file query_18.cif (mmCIF, C-alpha atoms and all ligand atoms)
data_input
loop_
_atom_site.group_PDB
_atom_site.id
_atom_site.type_symbol
_atom_site.label_atom_id
_atom_site.label_comp_id
_atom_site.auth_asym_id
_atom_site.auth_seq_id
_atom_site.Cartn_x
_atom_site.Cartn_y
_atom_site.Cartn_z
ATOM 1 C CA MET A 1 -5.190 -212.480 87.742
ATOM 2 C CA GLN A 2 -3.354 -214.819 90.068
ATOM 3 C CA ILE A 3 -4.109 -217.830 92.225
ATOM 4 C CA ALA A 4 -2.381 -217.512 95.587
ATOM 5 C CA ALA A 5 -2.818 -221.110 96.761
ATOM 6 C CA PRO A 6 -4.576 -224.317 95.677
ATOM 7 C CA GLY A 7 -8.311 -223.795 95.869
ATOM 8 C CA ALA A 8 -8.059 -220.027 96.279
ATOM 9 C CA PRO A 9 -10.091 -217.837 93.929
ATOM 10 C CA LEU A 10 -8.477 -215.851 91.147
ATOM 11 C CA GLU A 11 -7.523 -212.418 92.436
ATOM 12 C CA LEU A 12 -6.658 -209.214 90.652
ATOM 13 C CA VAL A 13 -3.200 -208.007 91.665
ATOM 14 C CA ARG A 14 -0.901 -205.283 90.426
ATOM 15 C CA ARG A 15 2.632 -206.353 89.680
ATOM 16 C CA ARG A 16 5.674 -204.691 88.246
ATOM 17 C CA ARG A 17 5.956 -205.324 84.524
ATOM 18 C CA PRO A 18 8.316 -208.294 84.061
ATOM 19 C CA GLU A 19 11.617 -207.952 82.247
ATOM 20 C CA PRO A 20 12.661 -210.471 79.589
ATOM 21 C CA GLY A 21 15.936 -212.240 80.303
ATOM 22 C CA PRO A 22 18.343 -213.747 77.737
ATOM 23 C CA GLY A 23 16.389 -215.675 75.099
ATOM 24 C CA GLU A 24 13.075 -214.371 76.385
ATOM 25 C CA LEU A 25 10.285 -212.221 75.040
ATOM 26 C CA LEU A 26 8.053 -209.770 76.846
ATOM 27 C CA VAL A 27 4.650 -210.118 75.220
ATOM 28 C CA ARG A 28 1.736 -207.731 75.531
ATOM 29 C CA VAL A 29 -1.179 -210.140 75.927
ATOM 30 C CA ARG A 30 -4.181 -209.467 73.709
ATOM 31 C CA ALA A 31 -6.143 -212.652 74.268
ATOM 32 C CA CYS A 32 -5.745 -215.809 76.331
ATOM 33 C CA GLY A 33 -7.913 -218.876 76.033
ATOM 34 C CA VAL A 34 -9.378 -220.578 79.085
ATOM 35 C CA CYS A 35 -8.664 -224.306 79.335
ATOM 36 C CA ARG A 36 -9.810 -227.032 81.713
ATOM 37 C CA THR A 37 -6.182 -227.314 82.829
ATOM 38 C CA ASP A 38 -6.514 -223.792 84.253
ATOM 39 C CA LEU A 39 -9.289 -225.197 86.428
ATOM 40 C CA HIS A 40 -7.014 -228.007 87.598
ATOM 41 C CA VAL A 41 -4.343 -225.423 88.465
ATOM 42 C CA ALA A 42 -6.921 -223.342 90.362
ATOM 43 C CA ASP A 43 -8.216 -226.375 92.229
ATOM 44 C CA GLY A 44 -4.762 -227.726 93.102
ATOM 45 C CA GLU A 45 -5.182 -230.917 91.088
ATOM 46 C CA LEU A 46 -1.784 -230.596 89.364
ATOM 47 C CA GLU A 47 0.961 -231.369 91.816
ATOM 48 C CA ALA A 48 3.871 -229.431 90.356
ATOM 49 C CA THR A 49 2.060 -226.119 90.166
ATOM 50 C CA ARG A 50 3.912 -223.162 91.655
ATOM 51 C CA TYR A 51 1.841 -220.737 93.740
ATOM 52 C CA PRO A 52 1.133 -217.907 93.470
ATOM 53 C CA ILE A 53 0.646 -218.500 89.773
ATOM 54 C CA VAL A 54 -0.889 -216.593 86.886
ATOM 55 C CA PRO A 55 -2.757 -219.264 84.875
ATOM 56 C CA GLY A 56 -3.328 -219.246 81.125
ATOM 57 C CA HIS A 57 -1.472 -221.069 78.380
ATOM 58 C CA GLN A 58 -3.255 -220.116 75.170
ATOM 59 C CA ILE A 59 -1.723 -216.688 74.771
ATOM 60 C CA VAL A 60 -1.977 -214.465 71.724
ATOM 61 C CA GLY A 61 0.097 -211.330 72.079
ATOM 62 C CA VAL A 62 2.562 -208.980 70.497
ATOM 63 C CA VAL A 63 6.272 -208.842 71.205
ATOM 64 C CA GLU A 64 6.806 -205.705 73.270
ATOM 65 C CA SER A 65 10.499 -206.134 74.009
ATOM 66 C CA ARG A 66 13.081 -208.871 74.034
ATOM 67 C CA GLY A 67 16.119 -209.970 75.907
ATOM 68 C CA PRO A 68 19.508 -210.735 74.327
ATOM 69 C CA ALA A 69 19.775 -213.517 71.737
ATOM 70 C CA VAL A 70 16.222 -213.381 70.383
ATOM 71 C CA ASP A 71 15.437 -213.331 66.659
ATOM 72 C CA LEU A 72 11.715 -212.492 66.740
ATOM 73 C CA ALA A 73 11.155 -208.816 66.042
ATOM 74 C CA VAL A 74 9.342 -206.358 68.300
ATOM 75 C CA GLY A 75 5.748 -206.075 67.038
ATOM 76 C CA THR A 76 5.507 -209.703 65.892
ATOM 77 C CA ARG A 77 2.277 -211.399 66.898
ATOM 78 C CA VAL A 78 3.039 -214.685 68.613
ATOM 79 C CA GLY A 79 1.253 -217.580 70.258
ATOM 80 C CA ILE A 80 2.492 -218.999 73.562
ATOM 81 C CA PRO A 81 1.326 -222.550 74.353
ATOM 82 C CA TRP A 82 1.475 -224.852 77.365
ATOM 83 C CA LEU A 83 4.997 -226.128 76.690
ATOM 84 C CA GLY A 84 7.133 -223.236 77.862
ATOM 85 C CA GLY A 85 10.567 -224.867 77.915
ATOM 86 C CA THR A 86 12.484 -228.131 77.995
ATOM 87 C CA CYS A 87 15.987 -229.167 79.043
ATOM 88 C CA GLY A 88 17.022 -230.313 75.580
ATOM 89 C CA THR A 89 19.303 -233.025 76.955
ATOM 90 C CA CYS A 90 17.225 -235.675 78.751
ATOM 91 C CA ARG A 91 16.378 -239.032 77.195
ATOM 92 C CA TYR A 92 12.993 -237.698 76.063
ATOM 93 C CA CYS A 93 14.223 -234.440 74.589
ATOM 94 C CA THR A 94 16.900 -236.229 72.582
ATOM 95 C CA ARG A 95 14.406 -238.812 71.288
ATOM 96 C CA ASP A 96 11.883 -236.429 69.766
ATOM 97 C CA ARG A 97 9.603 -236.652 72.808
ATOM 98 C CA GLU A 98 10.189 -233.287 74.426
ATOM 99 C CA ASN A 99 6.559 -233.334 75.581
ATOM 100 C CA LEU A 100 7.761 -235.810 78.229
ATOM 101 C CA CYS A 101 10.853 -233.835 79.300
ATOM 102 C CA ASP A 102 11.754 -234.357 82.954
ATOM 103 C CA GLU A 103 12.478 -230.654 83.418
ATOM 104 C CA ALA A 104 9.718 -229.169 81.268
ATOM 105 C CA ILE A 105 8.387 -225.721 82.057
ATOM 106 C CA PHE A 106 4.662 -225.215 81.649
ATOM 107 C CA THR A 107 3.067 -221.875 80.933
ATOM 108 C CA GLY A 108 0.521 -220.876 83.537
ATOM 109 C CA CYS A 109 1.553 -223.749 85.812
ATOM 110 C CA THR A 110 5.268 -223.682 86.586
ATOM 111 C CA ARG A 111 5.785 -220.181 85.170
ATOM 112 C CA ASP A 112 3.332 -217.308 85.015
ATOM 113 C CA GLY A 113 0.937 -217.419 82.095
ATOM 114 C CA GLY A 114 -1.460 -215.250 80.145
ATOM 115 C CA PHE A 115 -4.244 -214.205 82.513
ATOM 116 C CA ALA A 116 -2.365 -210.898 82.617
ATOM 117 C CA ASP A 117 -1.507 -207.832 80.587
ATOM 118 C CA TYR A 118 2.045 -209.037 80.033
ATOM 119 C CA ALA A 119 3.791 -212.377 79.923
ATOM 120 C CA VAL A 120 7.419 -213.399 79.586
ATOM 121 C CA ALA A 121 8.226 -216.494 77.554
ATOM 122 C CA ASP A 122 11.204 -218.383 76.156
ATOM 123 C CA ALA A 123 11.268 -217.269 72.515
ATOM 124 C CA ARG A 124 12.130 -220.776 71.301
ATOM 125 C CA TYR A 125 8.700 -221.996 72.432
ATOM 126 C CA CYS A 126 6.672 -219.151 70.892
ATOM 127 C CA PHE A 127 5.119 -219.321 67.441
ATOM 128 C CA PRO A 128 4.484 -216.502 64.968
ATOM 129 C CA LEU A 129 0.783 -216.450 64.031
ATOM 130 C CA PRO A 130 -0.847 -215.736 60.664
ATOM 131 C CA GLU A 131 -1.761 -212.081 60.187
ATOM 132 C CA ASP A 132 -5.239 -212.586 58.771
ATOM 133 C CA ALA A 133 -7.006 -214.066 61.801
ATOM 134 C CA GLU A 134 -8.341 -212.316 64.888
ATOM 135 C CA ASP A 135 -6.597 -212.644 68.242
ATOM 136 C CA VAL A 136 -9.629 -214.143 69.950
ATOM 137 C CA ALA A 137 -10.208 -216.691 67.189
ATOM 138 C CA LEU A 138 -6.607 -217.897 67.346
ATOM 139 C CA ALA A 139 -6.295 -218.320 71.113
ATOM 140 C CA PRO A 140 -8.152 -221.667 71.396
ATOM 141 C CA LEU A 141 -5.866 -223.184 68.781
ATOM 142 C CA LEU A 142 -2.953 -222.974 71.219
ATOM 143 C CA CYS A 143 -4.129 -225.708 73.567
ATOM 144 C CA ALA A 144 -7.576 -226.996 72.650
ATOM 145 C CA GLY A 145 -6.316 -227.167 69.086
ATOM 146 C CA LEU A 146 -2.770 -228.399 69.718
ATOM 147 C CA ILE A 147 -3.572 -231.056 72.296
ATOM 148 C CA GLY A 148 -6.691 -232.033 70.403
ATOM 149 C CA HIS A 149 -4.637 -232.528 67.284
ATOM 150 C CA ARG A 150 -2.048 -234.635 69.084
ATOM 151 C CA CYS A 151 -4.921 -236.769 70.405
ATOM 152 C CA LEU A 152 -6.343 -237.111 66.907
ATOM 153 C CA ARG A 153 -2.991 -238.269 65.547
ATOM 154 C CA MET A 154 -2.872 -240.963 68.240
ATOM 155 C CA THR A 155 -6.016 -242.482 66.719
ATOM 156 C CA GLY A 156 -4.106 -243.344 63.539
ATOM 157 C CA ASP A 157 -6.359 -243.639 60.529
ATOM 158 C CA ALA A 158 -9.531 -244.329 62.522
ATOM 159 C CA GLU A 159 -12.542 -243.600 60.363
ATOM 160 C CA ARG A 160 -15.326 -243.730 62.954
ATOM 161 C CA LEU A 161 -14.233 -241.364 65.704
ATOM 162 C CA GLY A 162 -16.020 -240.874 69.015
ATOM 163 C CA LEU A 163 -15.499 -237.660 70.995
ATOM 164 C CA TYR A 164 -16.489 -237.759 74.669
ATOM 165 C CA GLY A 165 -17.020 -234.277 76.068
ATOM 166 C CA PHE A 166 -17.796 -231.647 73.489
ATOM 167 C CA GLY A 167 -16.111 -228.389 74.441
ATOM 168 C CA ALA A 168 -13.284 -226.285 73.077
ATOM 169 C CA ALA A 169 -11.006 -229.160 72.038
ATOM 170 C CA ALA A 170 -13.676 -231.365 70.492
ATOM 171 C CA HIS A 171 -15.137 -228.541 68.438
ATOM 172 C CA ILE A 172 -11.739 -228.067 66.776
ATOM 173 C CA VAL A 173 -10.916 -231.776 66.451
ATOM 174 C CA SER A 174 -14.226 -232.522 64.782
ATOM 175 C CA GLN A 175 -13.513 -229.943 62.083
ATOM 176 C CA VAL A 176 -10.073 -231.434 61.409
ATOM 177 C CA ALA A 177 -11.481 -234.963 61.463
ATOM 178 C CA ARG A 178 -14.130 -234.065 58.893
ATOM 179 C CA TYR A 179 -11.467 -232.380 56.746
ATOM 180 C CA GLU A 180 -9.552 -235.672 56.838
ATOM 181 C CA GLY A 181 -12.623 -237.634 55.755
ATOM 182 C CA ARG A 182 -13.400 -239.224 59.115
ATOM 183 C CA ARG A 183 -16.858 -239.684 60.621
ATOM 184 C CA VAL A 184 -17.488 -238.016 63.991
ATOM 185 C CA PHE A 185 -19.771 -239.222 66.783
ATOM 186 C CA ALA A 186 -20.155 -236.840 69.741
ATOM 187 C CA PHE A 187 -20.999 -237.969 73.281
ATOM 188 C CA THR A 188 -22.018 -235.386 75.872
ATOM 189 C CA ARG A 189 -23.349 -235.280 79.398
ATOM 190 C CA PRO A 190 -26.778 -236.902 79.384
ATOM 191 C CA GLY A 191 -29.378 -234.376 78.360
ATOM 192 C CA ASP A 192 -26.930 -231.655 77.271
ATOM 193 C CA VAL A 193 -28.918 -230.798 74.189
ATOM 194 C CA ALA A 194 -27.006 -227.550 73.609
ATOM 195 C CA ALA A 195 -23.664 -229.375 73.391
ATOM 196 C CA GLN A 196 -25.185 -231.997 71.108
ATOM 197 C CA ARG A 197 -26.536 -229.340 68.768
ATOM 198 C CA PHE A 198 -23.142 -227.614 68.831
ATOM 199 C CA ALA A 199 -21.435 -230.906 67.906
ATOM 200 C CA LEU A 200 -23.711 -231.366 64.901
ATOM 201 C CA GLU A 201 -22.895 -227.822 63.779
ATOM 202 C CA CYS A 202 -19.169 -228.648 64.004
ATOM 203 C CA GLY A 203 -19.418 -231.627 61.695
ATOM 204 C CA ALA A 204 -20.491 -234.563 63.871
ATOM 205 C CA GLU A 205 -22.909 -236.861 62.050
ATOM 206 C CA TRP A 206 -24.381 -238.089 65.320
ATOM 207 C CA ALA A 207 -24.574 -236.599 68.814
ATOM 208 C CA GLY A 208 -26.068 -238.141 71.925
ATOM 209 C CA ASP A 209 -25.745 -238.952 75.612
ATOM 210 C CA SER A 210 -22.543 -240.607 76.844
ATOM 211 C CA SER A 211 -24.726 -242.960 78.880
ATOM 212 C CA ALA A 212 -26.307 -244.379 75.716
ATOM 213 C CA PRO A 213 -24.599 -246.908 73.433
ATOM 214 C CA ALA A 214 -22.852 -245.703 70.298
ATOM 215 C CA PRO A 215 -25.000 -246.015 67.180
ATOM 216 C CA GLU A 216 -22.329 -248.201 65.581
ATOM 217 C CA PRO A 217 -18.892 -249.520 66.587
ATOM 218 C CA LEU A 218 -16.133 -246.900 66.670
ATOM 219 C CA ASP A 219 -12.544 -247.230 65.459
ATOM 220 C CA ALA A 220 -11.276 -244.798 68.088
ATOM 221 C CA ALA A 221 -12.465 -242.537 70.855
ATOM 222 C CA ILE A 222 -10.962 -239.424 72.420
ATOM 223 C CA LEU A 223 -11.945 -238.490 75.969
ATOM 224 C CA PHE A 224 -11.859 -234.785 76.688
ATOM 225 C CA ALA A 225 -14.236 -234.995 79.637
ATOM 226 C CA PRO A 226 -12.196 -235.498 82.860
ATOM 227 C CA VAL A 227 -14.388 -238.414 83.864
ATOM 228 C CA GLY A 228 -12.627 -241.729 84.496
ATOM 229 C CA ALA A 229 -15.920 -243.637 84.335
ATOM 230 C CA LEU A 230 -15.986 -242.877 80.616
ATOM 231 C CA VAL A 231 -12.891 -245.037 79.953
ATOM 232 C CA PRO A 232 -14.753 -248.354 80.187
ATOM 233 C CA VAL A 233 -17.728 -246.751 78.428
ATOM 234 C CA ALA A 234 -15.498 -245.803 75.495
ATOM 235 C CA LEU A 235 -13.739 -249.186 75.525
ATOM 236 C CA ARG A 236 -17.113 -250.866 75.091
ATOM 237 C CA ALA A 237 -17.853 -248.553 72.177
ATOM 238 C CA VAL A 238 -14.670 -249.184 70.180
ATOM 239 C CA ASP A 239 -14.305 -252.049 67.768
ATOM 240 C CA LYS A 240 -11.525 -254.679 67.822
ATOM 241 C CA GLY A 241 -8.133 -252.992 67.577
ATOM 242 C CA GLY A 242 -9.623 -249.640 68.553
ATOM 243 C CA VAL A 243 -7.866 -247.033 70.680
ATOM 244 C CA VAL A 244 -9.203 -244.883 73.499
ATOM 245 C CA VAL A 245 -7.168 -241.698 73.926
ATOM 246 C CA CYS A 246 -7.416 -239.761 77.188
ATOM 247 C CA GLY A 247 -6.713 -236.136 76.301
ATOM 248 C CA GLY A 248 -6.959 -234.468 79.694
ATOM 249 C CA ILE A 249 -4.152 -233.800 82.145
ATOM 250 C CA HIS A 250 -6.288 -234.866 85.088
ATOM 251 C CA MET A 251 -9.146 -237.322 85.356
ATOM 252 C CA SER A 252 -11.247 -238.827 88.127
ATOM 253 C CA ASP A 253 -10.403 -242.448 88.976
ATOM 254 C CA ILE A 254 -11.114 -245.087 86.385
ATOM 255 C CA PRO A 255 -13.406 -247.824 87.728
ATOM 256 C CA THR A 256 -12.332 -251.440 87.378
ATOM 257 C CA PHE A 257 -13.545 -253.174 84.272
ATOM 258 C CA PRO A 258 -13.482 -256.718 82.880
ATOM 259 C CA TYR A 259 -10.506 -257.676 80.752
ATOM 260 C CA ARG A 260 -12.778 -258.740 77.920
ATOM 261 C CA ILE A 261 -13.536 -255.098 76.986
ATOM 262 C CA LEU A 262 -9.787 -254.479 76.529
ATOM 263 C CA TRP A 263 -9.206 -257.838 74.809
ATOM 264 C CA GLU A 264 -8.830 -258.019 71.017
ATOM 265 C CA GLU A 265 -6.043 -255.475 70.958
ATOM 266 C CA ARG A 266 -7.981 -252.504 72.171
ATOM 267 C CA VAL A 267 -5.697 -249.818 73.590
ATOM 268 C CA VAL A 268 -6.117 -247.183 76.294
ATOM 269 C CA ARG A 269 -3.556 -244.400 76.281
ATOM 270 C CA SER A 270 -3.049 -240.832 77.419
ATOM 271 C CA VAL A 271 -1.654 -237.817 75.620
ATOM 272 C CA ALA A 272 0.653 -235.555 77.572
ATOM 273 C CA ASN A 273 1.552 -231.982 76.628
ATOM 274 C CA LEU A 274 2.846 -231.172 73.151
ATOM 275 C CA THR A 275 6.026 -230.898 71.191
ATOM 276 C CA ARG A 276 7.063 -227.860 69.186
ATOM 277 C CA ARG A 277 6.676 -229.940 66.068
ATOM 278 C CA ASP A 278 3.025 -230.556 66.977
ATOM 279 C CA ALA A 279 2.551 -226.794 67.126
ATOM 280 C CA GLU A 280 4.239 -226.150 63.798
ATOM 281 C CA GLU A 281 2.236 -228.870 62.047
ATOM 282 C CA PHE A 282 -1.090 -227.880 63.528
ATOM 283 C CA LEU A 283 -0.718 -224.120 63.022
ATOM 284 C CA ALA A 284 0.077 -224.817 59.356
ATOM 285 C CA LEU A 285 -2.922 -227.132 59.034
ATOM 286 C CA ALA A 286 -5.478 -224.847 60.725
ATOM 287 C CA PRO A 287 -5.913 -222.346 57.853
ATOM 288 C CA ARG A 288 -6.167 -225.153 55.306
ATOM 289 C CA VAL A 289 -9.191 -226.800 57.013
ATOM 290 C CA PRO A 290 -10.042 -223.913 57.706
ATOM 291 C CA ILE A 291 -10.811 -224.156 61.406
ATOM 292 C CA ARG A 292 -13.487 -221.779 62.627
ATOM 293 C CA THR A 293 -13.391 -221.463 66.396
ATOM 294 C CA ARG A 294 -16.473 -220.519 68.362
ATOM 295 C CA THR A 295 -15.370 -218.208 71.114
ATOM 296 C CA LEU A 296 -16.835 -216.329 74.024
ATOM 297 C CA PRO A 297 -14.709 -213.234 74.758
ATOM 298 C CA ILE A 298 -14.631 -212.278 78.444
ATOM 299 C CA PRO A 299 -12.747 -209.317 79.986
ATOM 300 C CA LEU A 300 -9.574 -210.392 81.786
ATOM 301 C CA GLU A 301 -10.749 -209.161 85.178
ATOM 302 C CA ARG A 302 -13.717 -211.558 84.945
ATOM 303 C CA ALA A 303 -11.460 -214.614 84.606
ATOM 304 C CA GLY A 304 -12.914 -216.158 87.755
ATOM 305 C CA GLU A 305 -16.371 -216.121 86.208
ATOM 306 C CA ALA A 306 -14.983 -217.801 83.075
ATOM 307 C CA LEU A 307 -13.495 -220.620 85.179
ATOM 308 C CA ASP A 308 -16.751 -221.062 87.090
ATOM 309 C CA ARG A 309 -18.749 -221.327 83.898
ATOM 310 C CA LEU A 310 -16.307 -223.882 82.504
ATOM 311 C CA ARG A 311 -16.552 -225.880 85.733
ATOM 312 C CA ARG A 312 -20.338 -225.921 85.501
ATOM 313 C CA GLY A 313 -20.248 -227.006 81.863
ATOM 314 C CA GLU A 314 -22.040 -223.872 80.711
ATOM 315 C CA LEU A 315 -19.712 -222.953 77.875
ATOM 316 C CA SER A 316 -20.422 -223.839 74.303
ATOM 317 C CA GLY A 317 -17.085 -223.383 72.533
ATOM 318 C CA ALA A 318 -14.069 -221.658 73.993
ATOM 319 C CA ALA A 319 -13.922 -218.846 76.551
ATOM 320 C CA VAL A 320 -11.187 -216.340 75.737
ATOM 321 C CA LEU A 321 -10.011 -213.605 78.095
ATOM 322 C CA VAL A 322 -9.339 -210.284 76.443
ATOM 323 C CA THR A 323 -7.386 -207.290 77.622
ATOM 324 C CA ASP A 324 -8.315 -203.748 76.650
HETATM 325 ZN ZN ZN A 401 14.333 -232.787 78.574
HETATM 326 ZN ZN ZN A 402 -4.862 -226.403 77.969
#

call {"tool": "encode", "arguments": {"input": "query_18.cif", "output": "structure tokens", "more": "lines below"}}
Ligand SMILES: [Zn+2]
Ligand SMILES: [Zn+2]
result
Amino acid sequence: MQIAAPGAPLELVRRRRPEPGPGELLVRVRACGVCRTDLHVADGELEATRYPIVPGHQIVGVVESRGPAVDLAVGTRVGIPWLGGTCGTCRYCTRDRENLCDEAIFTGCTRDGGFADYAVADARYCFPLPEDAEDVALAPLLCAGLIGHRCLRMTGDAERLGLYGFGAAAHIVSQVARYEGRRVFAFTRPGDVAAQRFALECGAEWAGDSSAPAPEPLDAAILFAPVGALVPVALRAVDKGGVVVCGGIHMSDIPTFPYRILWEERVVRSVANLTRRDAEEFLALAPRVPIRTRTLPIPLERAGEALDRLRRGELSGAAVLVTD
């Protein structure tokens, strides 16, 4: 399922099966999670996207074949995340910040991703997955989980955590936050009772409209909704010294706000991409929580419908494309 140009719909195309080059794997895709970033790729909101592009960066698949210089065995089940490659030599790569690499390759954005039967990936950026979980259940861990976890770490030891936008990422983060003894407050679109109920089921102690004040001051907030107007809303909700983490790759403009809501050492920051260490840490943590993902499996050829439903905010949990 490819996108030919920014704003064009997903289209089913037949392509020759790709061949893995040196250091690469050919993976038979079993499941691929659908992420809001796929929407941004489809809508042309990410500038560096290559078109035509096969989106999808939460790939669970099995190694079908491999190029020279690859250790992973044929038949190994692997996960392929957003970070598809880095240069290894720039000032970010050499300072443990490969998520900021100048030359990074991104799965489903600058190289073809997992909305397909097969995908090729650099083996050094693939992760073996535990054998005892289902493909569909694992897929959302590879972006919603990984990026969500990086966002959570940026909140430090915040006890009272606000989550703005309760979809695939928040439903995983809230489980980890509860496991770590934090308190979770979920903010959704006004009137989205289904999302609020979902948040309570995932461990939030309170869920309500983002337009309403928080029931008590927060120590940190994570914004998963791509809505810039929520930045000042969250800043007003966090206590002195609190941090507001913007977890999305794209957001509408942030309105101006008075300095006094940033004053007292409040912080606004973004989280960009992931490092391989993030993936290793989070994939080891997930079974200990244990994280239970709520998924909606959708056949690959209906990927366009999955994106539309995500755009309209109709999904409760994570949509996952499945091949047959
Ligand atoms: Zn680099
Ligand atoms: Zn993603």

call {"tool": "closest_residue", "arguments": {"input": "query_18.cif", "among": "A:Val120, A:Val63, A:Val136, A:Ile105", "to": "Pro20 in chain A", "atoms": "only C-alpha atoms"}}
result
A:Val120

call {"tool": "resolve_selection", "arguments": {"input": "query_18.cif", "expression": "the PyMOL selection byres (((chain A and resi 176) around 10) and not hetatm)", "output": "count of residues only"}}
result
25

call {"tool": "residues_near_ligand", "arguments": {"input": "query_18.cif", "ligand": "ligand ZN 401 (chain A)", "cutoff": "10 Å", "atoms": "all atoms listed in the file", "output": "PyMOL selection string"}}
result
chain A and resi 85-105

call {"tool": "write_last_selection", "arguments": {"input": "query_18.cif", "atoms": "C-alpha atoms", "output": "PDB file, keeping the file's coordinate frame"}}
result
ATOM      1  CA  GLY A  85      10.567-224.867  77.915  1.00  0.00           C
ATOM      2  CA  THR A  86      12.484-228.131  77.995  1.00  0.00           C
ATOM      3  CA  CYS A  87      15.987-229.167  79.043  1.00  0.00           C
ATOM      4  CA  GLY A  88      17.022-230.313  75.580  1.00  0.00           C
ATOM      5  CA  THR A  89      19.303-233.025  76.955  1.00  0.00           C
ATOM      6  CA  CYS A  90      17.225-235.675  78.751  1.00  0.00           C
ATOM      7  CA  ARG A  91      16.378-239.032  77.195  1.00  0.00           C
ATOM      8  CA  TYR A  92      12.993-237.698  76.063  1.00  0.00           C
ATOM      9  CA  CYS A  93      14.223-234.440  74.589  1.00  0.00           C
ATOM     10  CA  THR A  94      16.900-236.229  72.582  1.00  0.00           C
ATOM     11  CA  ARG A  95      14.406-238.812  71.288  1.00  0.00           C
ATOM     12  CA  ASP A  96      11.883-236.429  69.766  1.00  0.00           C
ATOM     13  CA  ARG A  97       9.603-236.652  72.808  1.00  0.00           C
ATOM     14  CA  GLU A  98      10.189-233.287  74.426  1.00  0.00           C
ATOM     15  CA  ASN A  99       6.559-233.334  75.581  1.00  0.00           C
ATOM     16  CA  LEU A 100       7.761-235.810  78.229  1.00  0.00           C
ATOM     17  CA  CYS A 101      10.853-233.835  79.300  1.00  0.00           C
ATOM     18  CA  ASP A 102      11.754-234.357  82.954  1.00  0.00           C
ATOM     19  CA  GLU A 103      12.478-230.654  83.418  1.00  0.00           C
ATOM     20  CA  ALA A 104       9.718-229.169  81.268  1.00  0.00           C
ATOM     21  CA  ILE A 105       8.387-225.721  82.057  1.00  0.00           C
TER      22      ILE A 105
END

call {"tool": "closest_residue", "arguments": {"input": "query_18.cif", "among": "A:Gly61, A:Gly191, A:Pro55, A:Pro287", "to": "ligand ZN 402 (chain A)", "atoms": "only C-alpha atoms and all ligand atoms"}}
result
A:Pro55

call {"tool": "residues_around", "arguments": {"input": "query_18.cif", "residues": "Arg311 in chain A", "least_positions_apart": "6", "cutoff": "12 Å", "atoms": "all atoms listed in the file", "output": "list in words"}}
result
Val34, Cys35, Arg36, Thr37, Asp38, Leu39, His40, Ala42, Asp43, Gly167, Ala225, Pro226, Gly304, Glu305 and Ala319 of chain A

call {"tool": "closest_residue", "arguments": {"input": "query_18.cif", "among": "A:Ala8, A:Val13, A:Leu83, A:Val78", "to": "ligand ZN 402 (chain A)", "atoms": "all atoms listed in the file"}}
result
A:Leu83

call {"tool": "closest_residue", "arguments": {"input": "query_18.cif", "among": "A:Ala116, A:Leu12, A:Ala169, A:Val62", "to": "ligand ZN 402 (chain A)", "atoms": "all atoms listed in the file"}}
result
A:Ala169

call {"tool": "residues_near_ligand", "arguments": {"input": "query_18.cif", "ligand": "ligand ZN 402 (chain A)", "cutoff": "12 Å", "atoms": "all atoms listed in the file", "output": "PyMOL selection string"}}
result
chain A and resi 32-41+55-59+80-83+106-109+113-114+139-148+167-169+224+247-250+272-274+318-319

call {"tool": "axis_aligned_box", "arguments": {"input": "query_18.cif", "around": "range 2-20 of chain A", "padding_each_side": "3 Å", "output": "AutoDock Vina command-line options"}}
result
--center_x 1.3 --center_y -214.5 --center_z 88.2 --size_x 28.8 --size_y 25.6 --size_z 23.2

call {"tool": "resolve_selection", "arguments": {"input": "query_18.cif", "expression": "the PyMOL selection byres (((chain A and resi 207) around 9) and not hetatm)", "output": "CSV table (one decimal) with C-alpha atoms, in the frame of the given file"}}
result
chain,number,residue,atom,x,y,z
A,184,VAL,CA,-17.5,-238.0,64.0
A,185,PHE,CA,-19.8,-239.2,66.8
A,186,ALA,CA,-20.2,-236.8,69.7
A,187,PHE,CA,-21.0,-238.0,73.3
A,188,THR,CA,-22.0,-235.4,75.9
A,195,ALA,CA,-23.7,-229.4,73.4
A,196,GLN,CA,-25.2,-232.0,71.1
A,197,ARG,CA,-26.5,-229.3,68.8
A,199,ALA,CA,-21.4,-230.9,67.9
A,200,LEU,CA,-23.7,-231.4,64.9
A,204,ALA,CA,-20.5,-234.6,63.9
A,205,GLU,CA,-22.9,-236.9,62.0
A,206,TRP,CA,-24.4,-238.1,65.3
A,208,GLY,CA,-26.1,-238.1,71.9
A,209,ASP,CA,-25.7,-239.0,75.6

call {"tool": "resolve_selection", "arguments": {"input": "query_18.cif", "expression": "the PyMOL selection byres (((chain A and resi 254-270) around 12) and not hetatm)", "output": "number ranges by chain"}}
result
A: 100, 147-148, 150-152, 154-155, 218-224, 226-253, 271-273

call {"tool": "closest_residue", "arguments": {"input": "query_18.cif", "among": "A:Gly79, A:Gly67, A:Pro9, A:Pro297", "to": "Gly21 in chain A", "atoms": "all atoms listed in the file"}}
result
A:Gly67

call {"tool": "closest_residue", "arguments": {"input": "query_18.cif", "among": "A:Ala73, A:Leu10, A:Val54, A:Leu315", "to": "Arg111 in chain A", "atoms": "only C-alpha atoms"}}
result
A:Val54

call {"tool": "atom_distance", "arguments": {"input": "query_18.cif", "atom1": "CA of Thr275 in chain A", "atom2": "CA of Gly313 in chain A"}}
result
28.6 Å

call {"tool": "atom_distance", "arguments": {"input": "query_18.cif", "atom1": "CA of Phe198 in chain A", "atom2": "CA of Thr295 in chain A"}}
result
12.4 Å
